[in-house]
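Raw contents of work.txt, compact mmCIF, N, CA, C and O atoms:
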# COMPACT_ATOMS: atom_id res chain seq x y z
N MET D 107 32.68 -22.94 56.07
CA MET D 107 33.16 -23.76 57.17
C MET D 107 33.21 -25.24 56.80
O MET D 107 34.11 -25.95 57.24
N ASN D 108 32.25 -25.70 56.00
CA ASN D 108 32.27 -27.12 55.65
C ASN D 108 33.48 -27.47 54.80
O ASN D 108 33.97 -28.59 54.87
N GLU D 109 33.98 -26.52 54.01
CA GLU D 109 35.19 -26.80 53.23
C GLU D 109 36.39 -26.99 54.14
O GLU D 109 37.22 -27.88 53.92
N VAL D 110 36.48 -26.18 55.18
CA VAL D 110 37.60 -26.29 56.12
C VAL D 110 37.55 -27.63 56.84
O VAL D 110 38.56 -28.34 56.92
N ALA D 111 36.38 -27.98 57.36
CA ALA D 111 36.24 -29.26 58.07
C ALA D 111 36.48 -30.43 57.13
O ALA D 111 37.17 -31.40 57.49
N GLY D 112 35.95 -30.35 55.94
CA GLY D 112 36.12 -31.43 54.98
C GLY D 112 37.57 -31.62 54.57
O GLY D 112 38.07 -32.74 54.53
N LEU D 113 38.24 -30.52 54.26
CA LEU D 113 39.65 -30.63 53.87
C LEU D 113 40.52 -31.08 55.03
O LEU D 113 41.48 -31.83 54.84
N TRP D 114 40.20 -30.64 56.24
CA TRP D 114 40.96 -31.06 57.41
C TRP D 114 40.82 -32.56 57.63
O TRP D 114 41.81 -33.26 57.84
N LEU D 115 39.59 -33.05 57.60
CA LEU D 115 39.36 -34.49 57.77
C LEU D 115 40.01 -35.29 56.64
O LEU D 115 40.58 -36.37 56.87
N LEU D 116 39.93 -34.79 55.44
CA LEU D 116 40.56 -35.46 54.31
C LEU D 116 42.08 -35.51 54.50
O LEU D 116 42.72 -36.54 54.25
N GLY D 117 42.66 -34.43 54.99
CA GLY D 117 44.10 -34.40 55.27
C GLY D 117 44.50 -35.38 56.35
O GLY D 117 45.52 -36.07 56.23
N VAL D 118 43.70 -35.46 57.41
CA VAL D 118 43.96 -36.43 58.48
C VAL D 118 43.90 -37.85 57.92
O VAL D 118 44.75 -38.69 58.21
N GLY D 119 42.89 -38.11 57.12
CA GLY D 119 42.74 -39.43 56.52
C GLY D 119 43.92 -39.81 55.64
O GLY D 119 44.44 -40.92 55.73
N LEU D 120 44.34 -38.88 54.79
CA LEU D 120 45.48 -39.16 53.92
C LEU D 120 46.76 -39.35 54.71
O LEU D 120 47.58 -40.21 54.39
N ALA D 121 46.94 -38.56 55.77
CA ALA D 121 48.14 -38.69 56.61
C ALA D 121 48.17 -40.05 57.30
O ALA D 121 49.22 -40.71 57.34
N LEU D 122 47.04 -40.49 57.83
CA LEU D 122 47.00 -41.80 58.47
C LEU D 122 47.21 -42.93 57.48
O LEU D 122 47.90 -43.91 57.77
N PHE D 123 46.64 -42.80 56.30
CA PHE D 123 46.81 -43.81 55.27
C PHE D 123 48.29 -43.92 54.88
O PHE D 123 48.83 -45.01 54.78
N ALA D 124 48.94 -42.77 54.68
CA ALA D 124 50.36 -42.78 54.35
C ALA D 124 51.19 -43.30 55.51
O ALA D 124 52.16 -44.05 55.30
N LEU D 125 50.84 -42.95 56.72
CA LEU D 125 51.58 -43.41 57.89
C LEU D 125 51.50 -44.92 58.02
O LEU D 125 52.49 -45.58 58.32
N ALA D 126 50.34 -45.49 57.77
CA ALA D 126 50.18 -46.94 57.87
C ALA D 126 51.10 -47.66 56.88
O ALA D 126 51.64 -48.71 57.20
N ARG D 127 51.27 -47.09 55.73
CA ARG D 127 52.12 -47.72 54.71
C ARG D 127 53.60 -47.49 54.99
O ARG D 127 54.43 -48.31 54.68
N ARG D 128 53.94 -46.37 55.57
CA ARG D 128 55.34 -45.94 55.69
C ARG D 128 55.98 -46.33 57.03
O ARG D 128 57.20 -46.41 57.11
N VAL D 129 55.18 -46.58 58.04
CA VAL D 129 55.72 -46.73 59.39
C VAL D 129 56.64 -47.94 59.55
O VAL D 129 57.56 -47.90 60.34
N ASN D 130 56.46 -48.96 58.78
CA ASN D 130 57.29 -50.15 58.94
C ASN D 130 58.69 -49.97 58.39
O ASN D 130 59.64 -50.58 58.86
N VAL D 131 58.85 -49.14 57.38
CA VAL D 131 60.15 -49.02 56.73
C VAL D 131 60.81 -47.66 56.90
O VAL D 131 62.00 -47.53 56.71
N GLY D 132 60.03 -46.67 57.24
CA GLY D 132 60.55 -45.32 57.23
C GLY D 132 61.18 -44.87 58.53
O GLY D 132 61.37 -45.65 59.46
N PRO D 133 61.49 -43.60 58.60
CA PRO D 133 62.14 -43.05 59.78
C PRO D 133 61.22 -43.00 60.99
O PRO D 133 61.68 -42.80 62.10
N VAL D 134 59.93 -43.22 60.79
CA VAL D 134 58.98 -43.21 61.91
C VAL D 134 59.30 -44.33 62.88
O VAL D 134 59.11 -44.21 64.09
N ARG D 135 59.84 -45.42 62.36
CA ARG D 135 60.12 -46.60 63.17
C ARG D 135 60.97 -46.28 64.39
O ARG D 135 60.70 -46.75 65.49
N GLY D 136 62.00 -45.52 64.25
CA GLY D 136 62.86 -45.20 65.37
C GLY D 136 62.73 -43.76 65.82
O GLY D 136 63.60 -43.23 66.50
N TRP D 137 61.65 -43.11 65.45
CA TRP D 137 61.46 -41.69 65.65
C TRP D 137 61.60 -41.29 67.11
O TRP D 137 60.75 -41.60 67.94
N GLY D 138 62.68 -40.66 67.44
CA GLY D 138 62.90 -40.15 68.78
C GLY D 138 62.97 -41.23 69.85
O GLY D 138 62.79 -40.95 71.02
N GLY D 139 63.23 -42.46 69.47
CA GLY D 139 63.29 -43.52 70.46
C GLY D 139 61.93 -43.93 70.99
O GLY D 139 61.83 -44.66 71.96
N LEU D 140 60.86 -43.46 70.36
CA LEU D 140 59.50 -43.77 70.83
C LEU D 140 59.25 -45.27 70.85
O LEU D 140 58.68 -45.80 71.80
N ALA D 141 59.70 -45.95 69.83
CA ALA D 141 59.47 -47.40 69.76
C ALA D 141 60.12 -48.11 70.94
O ALA D 141 59.52 -49.01 71.53
N ALA D 142 61.31 -47.72 71.31
CA ALA D 142 61.99 -48.37 72.43
C ALA D 142 61.27 -48.09 73.74
O ALA D 142 61.17 -48.95 74.61
N ARG D 143 60.77 -46.87 73.89
CA ARG D 143 60.09 -46.51 75.15
C ARG D 143 58.78 -47.26 75.34
O ARG D 143 58.36 -47.49 76.47
N ILE D 144 58.10 -47.66 74.26
CA ILE D 144 56.84 -48.37 74.43
C ILE D 144 57.00 -49.86 74.25
O ILE D 144 56.04 -50.60 74.11
N GLY D 145 58.23 -50.32 74.24
CA GLY D 145 58.47 -51.76 74.20
C GLY D 145 58.52 -52.37 72.82
O GLY D 145 58.39 -53.57 72.68
N LEU D 146 58.71 -51.56 71.81
CA LEU D 146 58.75 -52.09 70.44
C LEU D 146 60.11 -51.82 69.81
O LEU D 146 60.21 -51.56 68.63
N GLY D 147 61.14 -51.85 70.60
CA GLY D 147 62.45 -51.44 70.14
C GLY D 147 63.11 -52.41 69.18
O GLY D 147 63.82 -52.00 68.28
N ASP D 148 62.93 -53.69 69.35
CA ASP D 148 63.62 -54.62 68.46
C ASP D 148 62.83 -54.81 67.16
O ASP D 148 61.63 -54.62 67.10
N ALA D 149 63.54 -55.19 66.13
CA ALA D 149 62.94 -55.29 64.79
C ALA D 149 61.84 -56.34 64.71
O ALA D 149 60.82 -56.14 64.05
N ARG D 150 62.02 -57.45 65.39
CA ARG D 150 61.02 -58.52 65.32
C ARG D 150 59.70 -58.07 65.95
O ARG D 150 58.63 -58.29 65.40
N SER D 151 59.78 -57.45 67.12
CA SER D 151 58.57 -56.96 67.79
C SER D 151 57.88 -55.90 66.95
O SER D 151 56.66 -55.86 66.84
N TRP D 152 58.67 -55.03 66.35
CA TRP D 152 58.10 -53.97 65.51
C TRP D 152 57.38 -54.58 64.32
O TRP D 152 56.28 -54.17 63.97
N ALA D 153 57.98 -55.57 63.67
CA ALA D 153 57.37 -56.20 62.50
C ALA D 153 56.08 -56.92 62.86
O ALA D 153 55.07 -56.82 62.15
N ILE D 154 56.08 -57.62 63.99
CA ILE D 154 54.87 -58.33 64.44
C ILE D 154 53.75 -57.34 64.71
O ILE D 154 52.61 -57.52 64.27
N THR D 155 54.08 -56.28 65.42
CA THR D 155 53.06 -55.29 65.77
C THR D 155 52.55 -54.58 64.52
O THR D 155 51.35 -54.37 64.36
N HIS D 156 53.44 -54.20 63.63
CA HIS D 156 53.02 -53.49 62.43
C HIS D 156 52.11 -54.35 61.57
O HIS D 156 51.13 -53.87 61.01
N GLU D 157 52.44 -55.62 61.46
CA GLU D 157 51.60 -56.53 60.68
C GLU D 157 50.17 -56.56 61.22
O GLU D 157 49.21 -56.64 60.47
N GLU D 158 50.05 -56.46 62.53
CA GLU D 158 48.75 -56.54 63.19
C GLU D 158 47.99 -55.20 63.10
O GLU D 158 46.77 -55.20 62.98
N ILE D 159 48.69 -54.07 63.16
CA ILE D 159 47.99 -52.78 63.26
C ILE D 159 47.82 -52.05 61.94
O ILE D 159 47.00 -51.14 61.84
N GLU D 160 48.57 -52.41 60.91
CA GLU D 160 48.48 -51.69 59.64
C GLU D 160 47.05 -51.61 59.09
O GLU D 160 46.60 -50.53 58.68
N PRO D 161 46.27 -52.71 59.09
CA PRO D 161 44.90 -52.59 58.57
C PRO D 161 44.02 -51.64 59.40
O PRO D 161 43.17 -50.96 58.84
N TRP D 162 44.26 -51.59 60.70
CA TRP D 162 43.44 -50.72 61.55
C TRP D 162 43.78 -49.25 61.33
O TRP D 162 42.88 -48.40 61.28
N ILE D 163 45.06 -48.94 61.15
CA ILE D 163 45.43 -47.55 60.88
C ILE D 163 44.94 -47.13 59.50
O ILE D 163 44.46 -46.02 59.31
N THR D 164 45.02 -48.03 58.54
CA THR D 164 44.50 -47.75 57.21
C THR D 164 43.00 -47.49 57.26
O THR D 164 42.50 -46.55 56.64
N ALA D 165 42.28 -48.31 58.02
CA ALA D 165 40.83 -48.12 58.15
C ALA D 165 40.51 -46.78 58.83
O ALA D 165 39.55 -46.10 58.44
N ALA D 166 41.32 -46.38 59.81
CA ALA D 166 41.10 -45.08 60.46
C ALA D 166 41.30 -43.95 59.45
O ALA D 166 40.54 -42.97 59.43
N GLY D 167 42.31 -44.08 58.59
CA GLY D 167 42.53 -43.07 57.55
C GLY D 167 41.40 -43.01 56.55
O GLY D 167 40.97 -41.93 56.14
N VAL D 168 40.90 -44.16 56.17
CA VAL D 168 39.78 -44.21 55.23
C VAL D 168 38.52 -43.60 55.86
O VAL D 168 37.80 -42.83 55.21
N ALA D 169 38.28 -43.89 57.14
CA ALA D 169 37.10 -43.33 57.83
C ALA D 169 37.17 -41.81 57.87
O ALA D 169 36.18 -41.12 57.58
N ALA D 170 38.33 -41.27 58.22
CA ALA D 170 38.48 -39.82 58.28
C ALA D 170 38.37 -39.21 56.88
O ALA D 170 37.74 -38.16 56.70
N GLY D 171 38.97 -39.86 55.90
CA GLY D 171 38.90 -39.35 54.53
C GLY D 171 37.49 -39.34 53.97
O GLY D 171 37.07 -38.36 53.34
N LEU D 172 36.75 -40.41 54.20
CA LEU D 172 35.36 -40.46 53.73
C LEU D 172 34.49 -39.42 54.43
O LEU D 172 33.63 -38.79 53.80
N ALA D 173 34.72 -39.24 55.72
CA ALA D 173 33.97 -38.19 56.44
C ALA D 173 34.32 -36.82 55.89
O ALA D 173 33.46 -35.94 55.78
N GLY D 174 35.59 -36.62 55.53
CA GLY D 174 35.99 -35.35 54.93
C GLY D 174 35.33 -35.11 53.59
O GLY D 174 34.85 -34.01 53.31
N LEU D 175 35.29 -36.15 52.75
CA LEU D 175 34.63 -36.01 51.46
C LEU D 175 33.14 -35.73 51.62
O LEU D 175 32.57 -34.91 50.91
N ALA D 176 32.52 -36.42 52.58
CA ALA D 176 31.09 -36.19 52.82
C ALA D 176 30.86 -34.78 53.37
O ALA D 176 29.87 -34.12 53.01
N SER D 177 31.76 -34.29 54.20
CA SER D 177 31.62 -32.95 54.77
C SER D 177 31.69 -31.87 53.70
O SER D 177 31.10 -30.81 53.86
N LEU D 178 32.42 -32.13 52.64
CA LEU D 178 32.52 -31.14 51.57
C LEU D 178 31.20 -30.94 50.85
O LEU D 178 30.96 -29.88 50.29
N SER D 179 30.32 -31.95 50.88
CA SER D 179 29.06 -31.85 50.15
C SER D 179 27.88 -31.52 51.05
O SER D 179 26.76 -31.41 50.57
N ILE D 180 28.11 -31.36 52.35
CA ILE D 180 27.03 -31.10 53.30
C ILE D 180 26.94 -29.60 53.57
O ILE D 180 27.95 -28.92 53.69
N GLU D 181 25.73 -29.11 53.65
CA GLU D 181 25.51 -27.72 54.03
C GLU D 181 25.93 -27.51 55.48
O GLU D 181 25.90 -28.44 56.28
N GLU D 182 26.31 -26.30 55.81
CA GLU D 182 26.69 -26.01 57.19
C GLU D 182 25.49 -26.21 58.11
O GLU D 182 24.36 -25.98 57.73
N GLY D 183 25.76 -26.65 59.31
CA GLY D 183 24.70 -26.87 60.29
C GLY D 183 24.95 -28.12 61.10
O GLY D 183 26.07 -28.60 61.24
N SER D 184 23.86 -28.66 61.61
CA SER D 184 23.98 -29.81 62.50
C SER D 184 24.45 -31.07 61.76
O SER D 184 25.12 -31.91 62.35
N ALA D 185 24.12 -31.21 60.49
CA ALA D 185 24.56 -32.38 59.74
C ALA D 185 26.09 -32.36 59.57
O ALA D 185 26.74 -33.40 59.67
N LEU D 186 26.66 -31.19 59.35
CA LEU D 186 28.10 -31.07 59.24
C LEU D 186 28.78 -31.40 60.56
O LEU D 186 29.77 -32.13 60.60
N ALA D 187 28.22 -30.89 61.65
CA ALA D 187 28.78 -31.19 62.97
C ALA D 187 28.69 -32.67 63.27
O ALA D 187 29.64 -33.27 63.80
N ALA D 188 27.59 -33.29 62.91
CA ALA D 188 27.43 -34.73 63.15
C ALA D 188 28.42 -35.53 62.31
O ALA D 188 29.03 -36.48 62.80
N MET D 189 28.61 -35.16 61.04
CA MET D 189 29.54 -35.88 60.17
C MET D 189 30.97 -35.73 60.67
O MET D 189 31.73 -36.69 60.69
N THR D 190 31.34 -34.53 61.07
CA THR D 190 32.69 -34.30 61.58
C THR D 190 32.93 -35.10 62.85
O THR D 190 33.96 -35.76 63.01
N THR D 191 31.97 -35.07 63.75
CA THR D 191 32.08 -35.82 65.01
C THR D 191 32.13 -37.32 64.75
O THR D 191 32.94 -38.04 65.35
N LEU D 192 31.28 -37.80 63.87
CA LEU D 192 31.26 -39.22 63.54
C LEU D 192 32.58 -39.66 62.92
O LEU D 192 33.14 -40.69 63.28
N GLY D 193 33.09 -38.88 61.98
CA GLY D 193 34.35 -39.22 61.32
C GLY D 193 35.52 -39.26 62.29
O GLY D 193 36.31 -40.20 62.30
N LEU D 194 35.63 -38.24 63.13
CA LEU D 194 36.72 -38.21 64.11
C LEU D 194 36.55 -39.29 65.17
O LEU D 194 37.53 -39.89 65.61
N GLY D 195 35.32 -39.54 65.59
CA GLY D 195 35.06 -40.58 66.59
C GLY D 195 35.43 -41.96 66.07
O GLY D 195 36.08 -42.74 66.77
N LEU D 196 35.02 -42.26 64.85
CA LEU D 196 35.34 -43.56 64.25
C LEU D 196 36.84 -43.69 64.03
O LEU D 196 37.43 -44.74 64.31
N CYS D 197 37.47 -42.63 63.57
CA CYS D 197 38.91 -42.63 63.37
C CYS D 197 39.63 -42.89 64.69
O CYS D 197 40.53 -43.74 64.78
N GLY D 198 39.24 -42.19 65.75
CA GLY D 198 39.85 -42.39 67.06
C GLY D 198 39.63 -43.79 67.60
O GLY D 198 40.54 -44.41 68.15
N ALA D 199 38.43 -44.30 67.42
CA ALA D 199 38.12 -45.65 67.90
C ALA D 199 38.97 -46.69 67.18
O ALA D 199 39.48 -47.63 67.80
N LEU D 200 39.15 -46.53 65.89
CA LEU D 200 39.98 -47.48 65.13
C LEU D 200 41.45 -47.40 65.53
O LEU D 200 42.15 -48.41 65.57
N LEU D 201 41.92 -46.20 65.89
CA LEU D 201 43.30 -46.08 66.36
C LEU D 201 43.48 -46.73 67.73
O LEU D 201 44.51 -47.34 68.00
N VAL D 202 42.46 -46.64 68.58
CA VAL D 202 42.52 -47.32 69.88
C VAL D 202 42.53 -48.84 69.66
O VAL D 202 43.30 -49.56 70.31
N VAL D 203 41.70 -49.32 68.77
CA VAL D 203 41.68 -50.75 68.46
C VAL D 203 43.05 -51.19 67.93
O VAL D 203 43.55 -52.26 68.29
N ALA D 204 43.68 -50.37 67.11
CA ALA D 204 45.01 -50.69 66.59
C ALA D 204 46.01 -50.83 67.73
O ALA D 204 46.80 -51.79 67.76
N ALA D 205 45.98 -49.92 68.66
CA ALA D 205 46.92 -49.97 69.79
C ALA D 205 46.69 -51.20 70.65
O ALA D 205 47.63 -51.91 71.02
N VAL D 206 45.44 -51.48 70.96
CA VAL D 206 45.11 -52.64 71.80
C VAL D 206 45.46 -53.94 71.07
O VAL D 206 46.04 -54.86 71.66
N THR D 207 45.15 -54.01 69.80
CA THR D 207 45.45 -55.21 69.01
C THR D 207 46.96 -55.45 68.92
O THR D 207 47.43 -56.58 69.06
N GLY D 208 47.71 -54.40 68.67
CA GLY D 208 49.16 -54.54 68.58
C GLY D 208 49.79 -55.00 69.87
O GLY D 208 50.65 -55.88 69.88
N ARG D 209 49.36 -54.44 70.99
CA ARG D 209 49.91 -54.85 72.29
C ARG D 209 49.50 -56.28 72.62
O ARG D 209 50.30 -57.05 73.14
N ALA D 210 48.27 -56.65 72.30
CA ALA D 210 47.80 -58.01 72.58
C ALA D 210 48.58 -59.02 71.74
O ALA D 210 48.89 -60.12 72.22
N ARG D 211 48.90 -58.67 70.53
CA ARG D 211 49.65 -59.57 69.65
C ARG D 211 51.04 -59.86 70.21
O ARG D 211 51.54 -60.98 70.15
N LEU D 212 51.67 -58.85 70.79
CA LEU D 212 52.99 -59.06 71.37
C LEU D 212 52.95 -59.93 72.62
O LEU D 212 53.93 -60.59 72.94
N ARG D 213 51.84 -59.92 73.29
CA ARG D 213 51.73 -60.70 74.53
C ARG D 213 51.31 -62.15 74.29
O ARG D 213 51.38 -62.95 75.21
N ARG D 214 50.84 -62.48 73.08
CA ARG D 214 50.43 -63.85 72.77
C ARG D 214 51.64 -64.78 72.73
O ARG D 214 52.70 -64.38 72.25
N PRO D 215 51.47 -66.00 73.17
CA PRO D 215 52.57 -66.97 73.08
C PRO D 215 52.95 -67.20 71.62
O PRO D 215 52.10 -67.25 70.74
N GLY D 216 54.21 -67.30 71.38
CA GLY D 216 54.69 -67.52 70.02
C GLY D 216 54.88 -66.26 69.23
O GLY D 216 55.17 -66.32 68.03
N ALA D 217 54.69 -65.11 69.86
CA ALA D 217 54.84 -63.86 69.14
C ALA D 217 56.30 -63.51 68.92
O ALA D 217 57.16 -63.88 69.63
Give the structure from this file in structure tokens form.
Amino acid sequence: MNEVAGLWLLGVGLALFALARRVNVGPVRGWGGLAARIGLGDARSWAITHEEIEPWITAAGVAAGLAGLASLSIEEGSALAAMTTLGLGLCGALLVVAAVTGRARLRRPGA
């Protein structure tokens, strides 16, 4: 079970890390009109927001990846559950911070 949890967390971490690097230039930017629906439709707003949130998404990916690597070396039991919960919790918290930071940046004067 620890291999499954570890590989899953590692996969989430790698996906977030790649997403943070790719989201500014790739097809994710206009994916299904999502950017326009959340108020990030124009290129300038998208660039400002991405500049602000890229480090937070990268950190979320690193947190999940490190938790995944640690889970691979932990015996099954409460320590594995704690590591998985900690990794996902930290990853989720960093993604929330990214969203709040990005929206706040757009609302600042001069943005």
Residue contacts of Thr191 in chain D (12 Å, only C-alpha atoms) excluding same-chain residues fewer than 4 positions away, as a PDB file with N, CA, C and O atoms, keeping the file's coordinate frame:
ATOM      1  N   ALA D 111      36.380 -27.980  57.360  1.00  0.00           N
ATOM      2  CA  ALA D 111      36.240 -29.260  58.070  1.00  0.00           C
ATOM      3  C   ALA D 111      36.480 -30.430  57.130  1.00  0.00           C
ATOM      4  O   ALA D 111      37.170 -31.400  57.490  1.00  0.00           O
ATOM      5  N   GLY D 112      35.950 -30.350  55.940  1.00  0.00           N
ATOM      6  CA  GLY D 112      36.120 -31.430  54.980  1.00  0.00           C
ATOM      7  C   GLY D 112      37.570 -31.620  54.570  1.00  0.00           C
ATOM      8  O   GLY D 112      38.070 -32.740  54.530  1.00  0.00           O
ATOM      9  N   LEU D 115      39.590 -33.050  57.600  1.00  0.00           N
ATOM     10  CA  LEU D 115      39.360 -34.490  57.770  1.00  0.00           C
ATOM     11  C   LEU D 115      40.010 -35.290  56.640  1.00  0.00           C
ATOM     12  O   LEU D 115      40.580 -36.370  56.870  1.00  0.00           O
ATOM     13  N   ALA D 169      38.280 -43.890  57.140  1.00  0.00           N
ATOM     14  CA  ALA D 169      37.100 -43.330  57.830  1.00  0.00           C
ATOM     15  C   ALA D 169      37.170 -41.810  57.870  1.00  0.00           C
ATOM     16  O   ALA D 169      36.180 -41.120  57.580  1.00  0.00           O
ATOM     17  N   ALA D 170      38.330 -41.270  58.220  1.00  0.00           N
ATOM     18  CA  ALA D 170      38.480 -39.820  58.280  1.00  0.00           C
ATOM     19  C   ALA D 170      38.370 -39.210  56.880  1.00  0.00           C
ATOM     20  O   ALA D 170      37.740 -38.160  56.700  1.00  0.00           O
ATOM     21  N   ALA D 173      34.720 -39.240  55.720  1.00  0.00           N
ATOM     22  CA  ALA D 173      33.970 -38.190  56.440  1.00  0.00           C
ATOM     23  C   ALA D 173      34.320 -36.820  55.890  1.00  0.00           C
ATOM     24  O   ALA D 173      33.460 -35.940  55.780  1.00  0.00           O
ATOM     25  N   GLY D 174      35.590 -36.620  55.530  1.00  0.00           N
ATOM     26  CA  GLY D 174      35.990 -35.350  54.930  1.00  0.00           C
ATOM     27  C   GLY D 174      35.330 -35.110  53.590  1.00  0.00           C
ATOM     28  O   GLY D 174      34.850 -34.010  53.310  1.00  0.00           O
ATOM     29  N   SER D 177      31.760 -34.290  54.200  1.00  0.00           N
ATOM     30  CA  SER D 177      31.620 -32.950  54.770  1.00  0.00           C
ATOM     31  C   SER D 177      31.690 -31.870  53.700  1.00  0.00           C
ATOM     32  O   SER D 177      31.100 -30.810  53.860  1.00  0.00           O
ATOM     33  N   SER D 184      23.860 -28.660  61.610  1.00  0.00           N
ATOM     34  CA  SER D 184      23.980 -29.810  62.500  1.00  0.00           C
ATOM     35  C   SER D 184      24.450 -31.070  61.760  1.00  0.00           C
ATOM     36  O   SER D 184      25.120 -31.910  62.350  1.00  0.00           O
ATOM     37  N   ALA D 185      24.120 -31.210  60.490  1.00  0.00           N
ATOM     38  CA  ALA D 185      24.560 -32.380  59.740  1.00  0.00           C
ATOM     39  C   ALA D 185      26.090 -32.360  59.570  1.00  0.00           C
ATOM     40  O   ALA D 185      26.740 -33.400  59.670  1.00  0.00           O
ATOM     41  N   LEU D 186      26.660 -31.190  59.350  1.00  0.00           N
ATOM     42  CA  LEU D 186      28.100 -31.070  59.240  1.00  0.00           C
ATOM     43  C   LEU D 186      28.780 -31.400  60.560  1.00  0.00           C
ATOM     44  O   LEU D 186      29.770 -32.130  60.600  1.00  0.00           O
ATOM     45  N   ALA D 187      28.220 -30.890  61.650  1.00  0.00           N
ATOM     46  CA  ALA D 187      28.780 -31.190  62.970  1.00  0.00           C
ATOM     47  C   ALA D 187      28.690 -32.670  63.270  1.00  0.00           C
ATOM     48  O   ALA D 187      29.640 -33.270  63.800  1.00  0.00           O
ATOM     49  N   GLY D 195      35.320 -39.540  65.590  1.00  0.00           N
ATOM     50  CA  GLY D 195      35.060 -40.580  66.590  1.00  0.00           C
ATOM     51  C   GLY D 195      35.430 -41.960  66.070  1.00  0.00           C
ATOM     52  O   GLY D 195      36.080 -42.740  66.770  1.00  0.00           O
ATOM     53  N   LEU D 196      35.020 -42.260  64.850  1.00  0.00           N
ATOM     54  CA  LEU D 196      35.340 -43.560  64.250  1.00  0.00           C
ATOM     55  C   LEU D 196      36.840 -43.690  64.030  1.00  0.00           C
ATOM     56  O   LEU D 196      37.430 -44.740  64.310  1.00  0.00           O
ATOM     57  N   CYS D 197      37.470 -42.630  63.570  1.00  0.00           N
ATOM     58  CA  CYS D 197      38.910 -42.630  63.370  1.00  0.00           C
ATOM     59  C   CYS D 197      39.630 -42.890  64.690  1.00  0.00           C
ATOM     60  O   CYS D 197      40.530 -43.740  64.780  1.00  0.00           O
ATOM     61  N   GLY D 198      39.240 -42.190  65.750  1.00  0.00           N
ATOM     62  CA  GLY D 198      39.850 -42.390  67.060  1.00  0.00           C
ATOM     63  C   GLY D 198      39.630 -43.790  67.600  1.00  0.00           C
ATOM     64  O   GLY D 198      40.540 -44.410  68.150  1.00  0.00           O
ATOM     65  N   ALA D 199      38.430 -44.300  67.420  1.00  0.00           N
ATOM     66  CA  ALA D 199      38.120 -45.650  67.900  1.00  0.00           C
ATOM     67  C   ALA D 199      38.970 -46.690  67.180  1.00  0.00           C
ATOM     68  O   ALA D 199      39.480 -47.630  67.800  1.00  0.00           O
TER      69      ALA D 199
END
To one decimal place in Å, what is the distance between atom O of Leu178 in chain D and atom C of Gly117 in chain D?
15.8 Å
With 8 Å added on each side, what axis-aligned box encloses every listed atom of range 169-172 of chain D? Give the centre and edge lengths in Å to one decimal, as AutoDock Vina command-line options.
--center_x 36.3 --center_y -41.0 --center_z 55.8 --size_x 21.3 --size_y 21.7 --size_z 20.9
Counting only C-alpha atoms, note down every residue that has an atom within 12 Å of the point (42.1, -51.7, 57.0) (file coordinates), as JSON, numbers by chain.
{"D": [122, 123, 126, 127, 157, 158, 159, 160, 161, 162, 163, 164, 165, 166, 167, 168, 169, 197, 200, 201, 203, 204]}
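The space between CA of Leu113 in chain D and CA of Thr207 in chain D spans 29.4 Å.
CA of Ala188 in chain D is positioned 11.7 Å from CA of Asn108 in chain D.
Distances here use all atoms listed in the file; by that measure, the residue among D:Leu120, D:Ala205, D:Leu172, D:Val110 closest to Gly193 in chain D is D:Leu172.
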